[in-house]
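Shown next: protein_20.tsv, containing TSV, C-alpha atoms.
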chain	number	residue	atom	x	y	z
W	6	MET	CA	0.00	0.00	0.00
W	7	ALA	CA	1.29	3.46	-0.82
W	8	ASP	CA	-0.32	6.69	0.27
W	9	GLY	CA	1.01	10.21	0.10
W	10	THR	CA	1.27	13.53	-1.66
W	11	GLY	CA	4.59	13.08	-3.42
W	12	SER	CA	5.28	13.79	-7.08
W	13	PRO	CA	4.33	11.41	-9.91
W	14	LYS	CA	8.01	10.47	-10.19
W	15	GLN	CA	8.15	9.62	-6.50
W	16	LEU	CA	5.03	7.47	-6.86
W	17	GLN	CA	6.78	5.50	-9.59
W	18	VAL	CA	9.93	5.15	-7.48
W	19	THR	CA	7.93	3.92	-4.49
W	20	TYR	CA	6.01	1.44	-6.65
W	21	ASP	CA	9.25	0.08	-8.10
W	22	ARG	CA	10.75	-0.21	-4.60
W	23	PHE	CA	7.91	-2.41	-3.42
W	24	ARG	CA	8.04	-4.63	-6.50
W	25	GLU	CA	11.20	-5.98	-4.85
W	26	VAL	CA	9.32	-6.74	-1.62
W	27	VAL	CA	5.89	-8.12	-2.58
W	28	PRO	CA	4.26	-9.55	-5.71
W	29	GLU	CA	3.41	-6.70	-8.06
W	30	ASP	CA	-0.31	-7.50	-8.12
W	31	HIS	CA	-0.38	-7.11	-4.31
W	32	ILE	CA	0.54	-3.41	-4.41
W	33	LEU	CA	-2.30	-1.01	-3.61
W	34	VAL	CA	-2.20	2.74	-4.18
W	35	VAL	CA	-4.51	4.94	-2.13
W	36	THR	CA	-4.98	8.52	-3.27
W	37	LEU	CA	-7.64	11.17	-3.61
W	38	ASP	CA	-10.16	10.71	-6.38
W	39	ARG	CA	-8.98	13.87	-8.14
W	40	PHE	CA	-5.52	12.32	-8.54
W	41	GLY	CA	-6.84	9.05	-9.92
W	42	GLU	CA	-6.15	9.79	-13.58
W	43	GLU	CA	-2.60	10.88	-12.80
W	44	ALA	CA	-1.99	7.65	-10.87
W	45	ARG	CA	-3.31	5.62	-13.81
W	46	ARG	CA	-1.02	7.53	-16.17
W	47	VAL	CA	2.07	6.96	-14.01
W	48	LEU	CA	1.23	3.32	-13.22
W	49	PRO	CA	-0.61	1.90	-16.23
W	50	MET	CA	0.28	-1.61	-15.04
W	51	LEU	CA	-1.62	-1.16	-11.75
W	52	PRO	CA	-4.83	-3.24	-11.70
W	53	GLU	CA	-7.86	-0.99	-11.42
W	54	LYS	CA	-9.03	-2.84	-8.31
W	55	ASN	CA	-5.74	-1.92	-6.62
W	56	LEU	CA	-6.26	1.83	-7.08
W	57	LEU	CA	-8.28	2.97	-4.07
W	58	LEU	CA	-9.68	6.45	-4.51
W	59	GLU	CA	-10.67	8.51	-1.48
W	60	PRO	CA	-13.56	10.91	-2.12
W	61	PHE	CA	-12.25	13.45	0.42
W	62	ALA	CA	-9.04	14.06	2.37
W	63	ARG	CA	-9.59	12.81	5.93
W	64	LYS	CA	-6.00	12.13	7.11
W	65	THR	CA	-4.43	8.72	7.60
W	66	ALA	CA	-6.84	6.82	9.85
W	67	PRO	CA	-9.79	6.77	7.40
W	68	CYS	CA	-7.30	5.98	4.63
W	69	MET	CA	-6.09	2.95	6.60
W	70	ALA	CA	-9.64	1.85	7.37
W	71	TYR	CA	-10.41	1.89	3.63
W	72	ALA	CA	-7.25	-0.06	2.79
W	73	ALA	CA	-7.54	-2.57	5.65
W	74	TYR	CA	-11.17	-3.41	4.97
W	75	THR	CA	-10.43	-3.73	1.26
W	76	LEU	CA	-7.67	-6.22	2.00
W	77	LEU	CA	-9.79	-8.13	4.51
W	78	SER	CA	-12.48	-8.51	1.85
W	79	ARG	CA	-9.86	-10.25	-0.32
W	80	ASP	CA	-7.80	-12.13	2.26
W	81	PRO	CA	-8.65	-12.32	5.98
W	82	GLU	CA	-5.01	-13.23	6.74
W	83	ALA	CA	-3.49	-10.30	4.81
W	84	VAL	CA	-0.35	-8.62	6.17
W	85	LEU	CA	0.38	-5.17	4.81
W	86	VAL	CA	3.08	-2.53	4.82
W	87	ALA	CA	1.82	1.05	4.67
W	88	THR	CA	4.04	3.87	3.47
W	89	PRO	CA	3.76	7.42	2.18
W	90	TRP	CA	5.20	7.79	-1.30
W	91	ASP	CA	6.98	11.06	-0.48
W	92	LEU	CA	9.96	9.36	1.18
W	93	VAL	CA	13.50	8.96	-0.07
W	94	ILE	CA	15.07	5.57	0.74
W	95	ARG	CA	18.77	4.85	0.30
W	96	ASP	CA	20.11	1.29	0.28
W	97	GLU	CA	17.13	-0.41	-1.31
W	98	SER	CA	18.39	-3.91	-0.54
W	99	LEU	CA	18.64	-3.15	3.19
W	100	PHE	CA	15.18	-1.60	3.05
W	101	ALA	CA	13.73	-4.75	1.47
W	102	HIS	CA	15.48	-6.95	4.04
W	103	THR	CA	14.16	-4.84	6.93
W	104	VAL	CA	10.59	-4.95	5.63
W	105	GLU	CA	10.80	-8.72	5.11
W	106	GLU	CA	12.09	-9.20	8.68
W	107	ALA	CA	9.24	-7.07	10.05
W	108	PHE	CA	6.75	-9.01	7.91
W	109	GLY	CA	7.99	-12.27	9.37
W	110	TYR	CA	7.48	-11.09	12.93
W	111	VAL	CA	4.04	-9.64	12.23
W	112	GLU	CA	2.87	-12.84	10.56
W	113	GLU	CA	3.40	-14.63	13.89
W	114	ASN	CA	2.37	-11.84	16.29
W	115	ASP	CA	-0.64	-9.53	16.51
W	116	VAL	CA	1.36	-6.32	16.81
W	117	LEU	CA	1.41	-2.94	15.10
W	118	MET	CA	4.97	-2.51	13.84
W	119	THR	CA	6.62	0.80	12.96
W	120	LEU	CA	9.95	0.92	11.18
W	121	GLY	CA	12.02	3.15	13.46
W	122	ILE	CA	14.97	4.99	11.97
W	123	VAL	CA	18.12	5.06	14.08
W	124	PRO	CA	18.67	8.85	14.42
W	125	LYS	CA	21.96	10.36	13.30
W	126	ASN	CA	21.38	13.78	14.88
W	127	PRO	CA	18.83	15.60	17.08
W	128	ASP	CA	16.51	16.74	14.29
W	129	VAL	CA	13.46	18.66	15.55
W	130	ASN	CA	11.47	18.06	12.35
W	131	PHE	CA	10.71	14.41	13.04
W	132	GLY	CA	8.57	12.50	15.50
W	133	TYR	CA	10.41	10.27	18.00
W	134	ILE	CA	9.49	6.86	19.37
W	135	GLN	CA	10.88	5.62	22.69
W	136	VAL	CA	11.21	1.89	23.29
W	137	LYS	CA	11.01	-0.02	26.57
W	138	GLU	CA	14.38	-1.73	26.22
W	139	GLY	CA	16.18	1.32	27.66
W	140	ARG	CA	19.52	2.95	26.96
W	141	ASN	CA	21.39	2.02	23.80
W	142	ALA	CA	18.38	0.20	22.37
W	143	HIS	CA	19.47	1.67	19.03
W	144	LEU	CA	22.25	-0.93	19.03
W	145	MET	CA	19.82	-3.84	19.31
W	146	ALA	CA	18.44	-5.93	16.47
W	147	GLY	CA	14.94	-7.28	16.10
W	148	PRO	CA	11.59	-5.96	17.30
W	149	LEU	CA	11.40	-3.66	20.33
W	150	GLN	CA	8.33	-2.69	22.35
W	151	VAL	CA	7.18	0.92	22.13
W	152	LYS	CA	6.98	3.05	25.27
W	153	THR	CA	6.12	6.60	24.12
W	154	PHE	CA	5.63	8.81	21.07
W	155	THR	CA	6.82	12.43	20.95
W	156	GLU	CA	5.98	14.64	18.01
W	157	LYS	CA	8.69	17.12	16.90
W	158	PRO	CA	10.34	17.92	20.25
W	159	PRO	CA	12.34	21.11	20.93
W	160	LEU	CA	16.07	20.88	20.24
W	161	GLU	CA	17.11	20.44	23.87
W	162	LEU	CA	14.81	17.46	24.27
W	163	ALA	CA	15.79	15.96	20.91
W	164	GLU	CA	19.44	16.09	22.01
W	165	VAL	CA	18.58	14.10	25.15
W	166	PHE	CA	16.60	11.61	23.08
W	167	VAL	CA	19.49	10.90	20.75
W	168	ARG	CA	22.06	10.62	23.56
W	169	THR	CA	20.08	7.95	25.40
W	170	GLY	CA	19.78	5.60	22.44
W	171	GLU	CA	16.21	4.82	23.52
W	172	PHE	CA	14.56	6.86	20.77
W	173	PHE	CA	14.06	6.36	17.04
W	174	TRP	CA	12.70	8.60	14.32
W	175	ASN	CA	9.16	7.72	13.28
W	176	SER	CA	9.55	6.71	9.63
W	177	GLY	CA	5.81	6.68	8.89
W	178	ILE	CA	6.20	3.13	7.54
W	179	PHE	CA	4.05	0.51	9.25
W	180	VAL	CA	3.69	-3.28	9.03
W	181	TRP	CA	0.71	-5.18	10.47
W	182	LYS	CA	-2.04	-7.66	9.79
W	183	ALA	CA	-5.10	-6.04	8.26
W	184	SER	CA	-7.20	-7.75	10.95
W	185	THR	CA	-5.04	-6.37	13.78
W	186	ILE	CA	-5.11	-2.74	12.65
W	187	ALA	CA	-8.83	-3.02	11.95
W	188	ALA	CA	-9.47	-4.33	15.47
W	189	GLU	CA	-7.37	-1.60	17.07
W	190	MET	CA	-9.08	1.12	15.03
W	191	GLU	CA	-12.45	-0.27	16.03
W	192	ARG	CA	-11.34	-0.10	19.66
W	193	TYR	CA	-9.77	3.36	19.71
W	194	ILE	CA	-11.45	5.32	16.92
W	195	PRO	CA	-14.95	3.89	16.53
W	196	GLU	CA	-16.06	7.32	15.31
W	197	VAL	CA	-14.20	6.40	12.11
W	198	THR	CA	-14.80	2.66	11.81
W	199	GLU	CA	-18.53	2.86	12.55
W	200	LEU	CA	-18.90	4.80	9.31
W	201	PHE	CA	-17.46	1.78	7.48
W	202	ARG	CA	-20.06	-0.57	8.92
W	203	GLY	CA	-21.18	-2.93	6.18
W	204	TRP	CA	-17.78	-2.89	4.45
W	205	GLN	CA	-18.07	-6.62	3.78
W	206	GLU	CA	-20.74	-5.94	1.15
W	207	HIS	CA	-20.08	-2.33	0.16
W	208	ILE	CA	-16.34	-1.57	0.25
W	209	THR	CA	-16.21	-1.36	-3.58
W	210	ASP	CA	-19.36	0.81	-3.85
W	211	PRO	CA	-18.30	4.43	-4.58
W	212	VAL	CA	-21.65	5.86	-3.44
W	213	TRP	CA	-21.42	4.08	-0.07
W	214	LEU	CA	-17.77	5.11	0.27
W	215	GLU	CA	-18.51	8.77	-0.45
W	216	LYS	CA	-21.18	8.81	2.26
W	217	ALA	CA	-18.78	7.24	4.76
W	218	TYR	CA	-16.05	9.74	3.97
W	219	ALA	CA	-18.41	12.72	3.98
W	220	GLU	CA	-19.24	12.07	7.63
W	221	CYS	CA	-15.74	10.96	8.65
W	222	PRO	CA	-13.66	13.09	11.05
W	223	LYS	CA	-10.06	13.97	10.20
W	224	VAL	CA	-7.96	11.65	12.37
W	225	SER	CA	-4.32	10.67	12.01
W	226	LEU	CA	-3.32	7.06	12.54
W	227	ASP	CA	-0.52	8.05	14.92
W	228	TYR	CA	-2.78	10.10	17.17
W	229	GLY	CA	-5.87	7.91	16.89
W	230	VAL	CA	-4.28	4.50	17.37
W	231	MET	CA	-0.50	4.27	17.67
W	232	GLU	CA	-0.18	6.59	20.67
W	233	ARG	CA	-2.90	4.67	22.53
W	234	THR	CA	-2.55	1.00	21.67
W	235	SER	CA	-0.67	-1.54	23.78
W	236	ARG	CA	0.27	-3.42	20.60
W	237	ALA	CA	2.79	-0.85	19.31
W	238	TRP	CA	6.22	-2.28	18.43
W	239	LEU	CA	9.20	-0.94	16.54
W	240	TYR	CA	11.66	-2.58	14.17
W	241	PRO	CA	15.03	-0.75	14.07
W	242	ALA	CA	15.85	0.43	10.55
W	243	ARG	CA	19.32	1.44	9.42
W	244	PHE	CA	18.74	2.19	5.75
W	245	GLY	CA	19.01	5.80	4.59
W	246	TRP	CA	15.69	7.60	5.00
W	247	ALA	CA	14.43	11.14	4.47
W	248	ASP	CA	11.18	12.97	4.06
W	249	ILE	CA	11.25	14.45	0.55
W	250	ASP	CA	10.33	17.86	2.00
W	251	ARG	CA	13.56	17.82	4.01
W	252	ILE	CA	15.96	17.22	1.12
As structure tokens:
Amino acid sequence: MADGTGSPKQLQVTYDRFREVVPEDHILVVTLDRFGEEARRVLPMLPEKNLLLEPFARKTAPCMAYAAYTLLSRDPEAVLVATPWDLVIRDESLFAHTVEEAFGYVEENDVLMTLGIVPKNPDVNFGYIQVKEGRNAHLMAGPLQVKTFTEKPPLELAEVFVRTGEFFWNSGIFVWKASTIAAEMERYIPEVTELFRGWQEHITDPVWLEKAYAECPKVSLDYGVMERTSRAWLYPARFGWADIDRI
């Protein structure tokens, strides 16, 4: 799954990146309806059923509800990786290996996994995730349990975060079972998921979808679920990563 506001070129780059990770016909693109024709132009090979068009912009939680329920309607055991397409990734092979490792853990455990970037400096433009394993956790391998989220701290605090080794940058890349994220959304943001009631029969109906989105509040996935769930885990990532707006 790819979602974001990057350029057409970046959409193509992100699509090509994930062709190395999952079968090509398993890639979904979620974007606003008004960008649908552009997505079709950039990715003519994308099956029409894999282009999910949001009627209105409602932030990332409704977007994930749409994607998760779509996948559940196709495969109740589906595991997905969610990413914006406005990211720059360096060392594609390490990226693919990291995603595959996270996939393997999620297949066996009902957790919500974030890829956490090992920070190189105290950057105040990123969100930080603290893990429970304590000091120098950034040197560890394998999944770590999340303790806290902090969004764009002041410089003094970011410096402390980086020194402890307990904190990672929030990459915005997630791995989880569709069933697990759906259950956690239903628990923590029912004001969103209730609007998708009946998805089993109607998830492909654009009229039904437009009504659901029209009434849907704007809720981010981080705020609505990740900062509240007890299932949050982090997989340390050491590939090069940057938000395209920061280049």
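Ranking W:Asn126, W:Thr169, W:Thr209, W:Gln135 by their shortest atom-to-atom distance to W:Leu149, with all atoms listed in the file included, puts W:Gln135 first.
Nearest to W:Glu82 of all the residues W:Arg243, W:Arg63, W:Lys182, W:Arg236 is W:Lys182, based on all atoms listed in the file.
With all atoms listed in the file as the basis for measurement, W:Val84 is the residue among W:Val84, W:Val197, W:Leu51, W:Val26 that approaches W:Val116 most closely.
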As JSON, please: the centre and edge lengths in Å, to one decimal, of an axis-aligned box enclosing every listed atom of stretch 231-250 of chain W with 8 Å added on each side.
{"center_x": 8.2, "center_y": 7.2, "center_z": 12.2, "size_x": 38.2, "size_y": 37.3, "size_z": 39.2}
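For the choices W:Val129, W:Met190, W:Ala237, W:Ile94, the atom-to-atom distance to W:Thr153 is smallest for W:Ala237 when using only C-alpha atoms.
When all atoms listed in the file are used to compute distances to W:Arg24, the closest of the residues W:Arg192, W:Met50, W:Pro124, W:Val165 turns out to be W:Met50.
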Quick one, how far is atom CA of W:Ala87 from atom CA of W:Leu200?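 So the two atoms, atom CA of W:Ala87 and atom CA of W:Leu200, lie 21.6 Å apart.
Of the listed residues W:Thr119, W:Thr103, W:Ser235, W:Ser98, the one whose atoms come nearest to W:Glu189 is W:Ser235, with distances taken using all atoms listed in the file.
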Pairwise distance for atom CA of W:Phe154 and atom CA of W:Ala188, rounded to one decimal in Å: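 Taking atom CA of W:Phe154 and atom CA of W:Ala188, their separation equals 20.8 Å.
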Write out as a list in words which residues come within 10 Å of W:Glu59 when counting only C-alpha atoms, dropping same-chain ones fewer than 3 positions away.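 Using only C-alpha atoms, the neighbours found are Val35, Thr36, Leu37, Asp38, Arg39, Phe40, Gly41, Leu56, Ala62, Arg63, Pro67, Cys68, Tyr71, Pro211, Leu214, Glu215 and Tyr218 of chain W.
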Counting all atoms listed in the file, what is within 10 Å of W:Lys64, bar same-chain residues fewer than 4 positions away, as a PDB file with C-alpha atoms, keeping the file's coordinate frame?
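Writing the result to around04.pdb gives the following:
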ATOM      1  CA  CYS W  68      -7.300   5.980   4.630  1.00  0.00           C
ATOM      2  CA  MET W  69      -6.090   2.950   6.600  1.00  0.00           C
ATOM      3  CA  CYS W 221     -15.740  10.960   8.650  1.00  0.00           C
ATOM      4  CA  PRO W 222     -13.660  13.090  11.050  1.00  0.00           C
ATOM      5  CA  LYS W 223     -10.060  13.970  10.200  1.00  0.00           C
ATOM      6  CA  VAL W 224      -7.960  11.650  12.370  1.00  0.00           C
ATOM      7  CA  SER W 225      -4.320  10.670  12.010  1.00  0.00           C
ATOM      8  CA  LEU W 226      -3.320   7.060  12.540  1.00  0.00           C
TER       9      LEU W 226
END
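Computed from the coordinates, the atom CA of W:Thr88 to atom CA of W:Val180 distance equals 9.1 Å.
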For the point (1.2, -3.2, -8.4) in file coordinates, what residues are within 12 Å, counting only C-alpha atoms? Give the answer as a ChimeraX atom specification? /W:6-7,16-17,19-35,44-45,47-56
Can you spit out the residues from that selection as an mmCIF file, in the coordinates of the input, using C-alpha atoms?
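That gives us selection-v3.cif:
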data_model
loop_
_atom_site.group_PDB
_atom_site.id
_atom_site.type_symbol
_atom_site.label_atom_id
_atom_site.label_comp_id
_atom_site.auth_asym_id
_atom_site.auth_seq_id
_atom_site.Cartn_x
_atom_site.Cartn_y
_atom_site.Cartn_z
ATOM 1 C CA MET W 6 0.000 0.000 0.000
ATOM 2 C CA ALA W 7 1.290 3.460 -0.820
ATOM 3 C CA LEU W 16 5.030 7.470 -6.860
ATOM 4 C CA GLN W 17 6.780 5.500 -9.590
ATOM 5 C CA THR W 19 7.930 3.920 -4.490
ATOM 6 C CA TYR W 20 6.010 1.440 -6.650
ATOM 7 C CA ASP W 21 9.250 0.080 -8.100
ATOM 8 C CA ARG W 22 10.750 -0.210 -4.600
ATOM 9 C CA PHE W 23 7.910 -2.410 -3.420
ATOM 10 C CA ARG W 24 8.040 -4.630 -6.500
ATOM 11 C CA GLU W 25 11.200 -5.980 -4.850
ATOM 12 C CA VAL W 26 9.320 -6.740 -1.620
ATOM 13 C CA VAL W 27 5.890 -8.120 -2.580
ATOM 14 C CA PRO W 28 4.260 -9.550 -5.710
ATOM 15 C CA GLU W 29 3.410 -6.700 -8.060
ATOM 16 C CA ASP W 30 -0.310 -7.500 -8.120
ATOM 17 C CA HIS W 31 -0.380 -7.110 -4.310
ATOM 18 C CA ILE W 32 0.540 -3.410 -4.410
ATOM 19 C CA LEU W 33 -2.300 -1.010 -3.610
ATOM 20 C CA VAL W 34 -2.200 2.740 -4.180
ATOM 21 C CA VAL W 35 -4.510 4.940 -2.130
ATOM 22 C CA ALA W 44 -1.990 7.650 -10.870
ATOM 23 C CA ARG W 45 -3.310 5.620 -13.810
ATOM 24 C CA VAL W 47 2.070 6.960 -14.010
ATOM 25 C CA LEU W 48 1.230 3.320 -13.220
ATOM 26 C CA PRO W 49 -0.610 1.900 -16.230
ATOM 27 C CA MET W 50 0.280 -1.610 -15.040
ATOM 28 C CA LEU W 51 -1.620 -1.160 -11.750
ATOM 29 C CA PRO W 52 -4.830 -3.240 -11.700
ATOM 30 C CA GLU W 53 -7.860 -0.990 -11.420
ATOM 31 C CA LYS W 54 -9.030 -2.840 -8.310
ATOM 32 C CA ASN W 55 -5.740 -1.920 -6.620
ATOM 33 C CA LEU W 56 -6.260 1.830 -7.080
#
At a cut-off of 12 Å, using only C-alpha atoms, what residues contact W:Asp248? Leave out same-chain residues fewer than 6 positions from it and give the result as a PyMOL selection string. chain W and resi 9-11+15+88-95+122+130-132+174-178
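Within the 6 Å cut-off around W:Phe244, using all atoms listed in the file and omitting residues fewer than 2 positions from it on the same chain, the listed residues are Asp96, Leu99, Phe100 and Ala242 of chain W.
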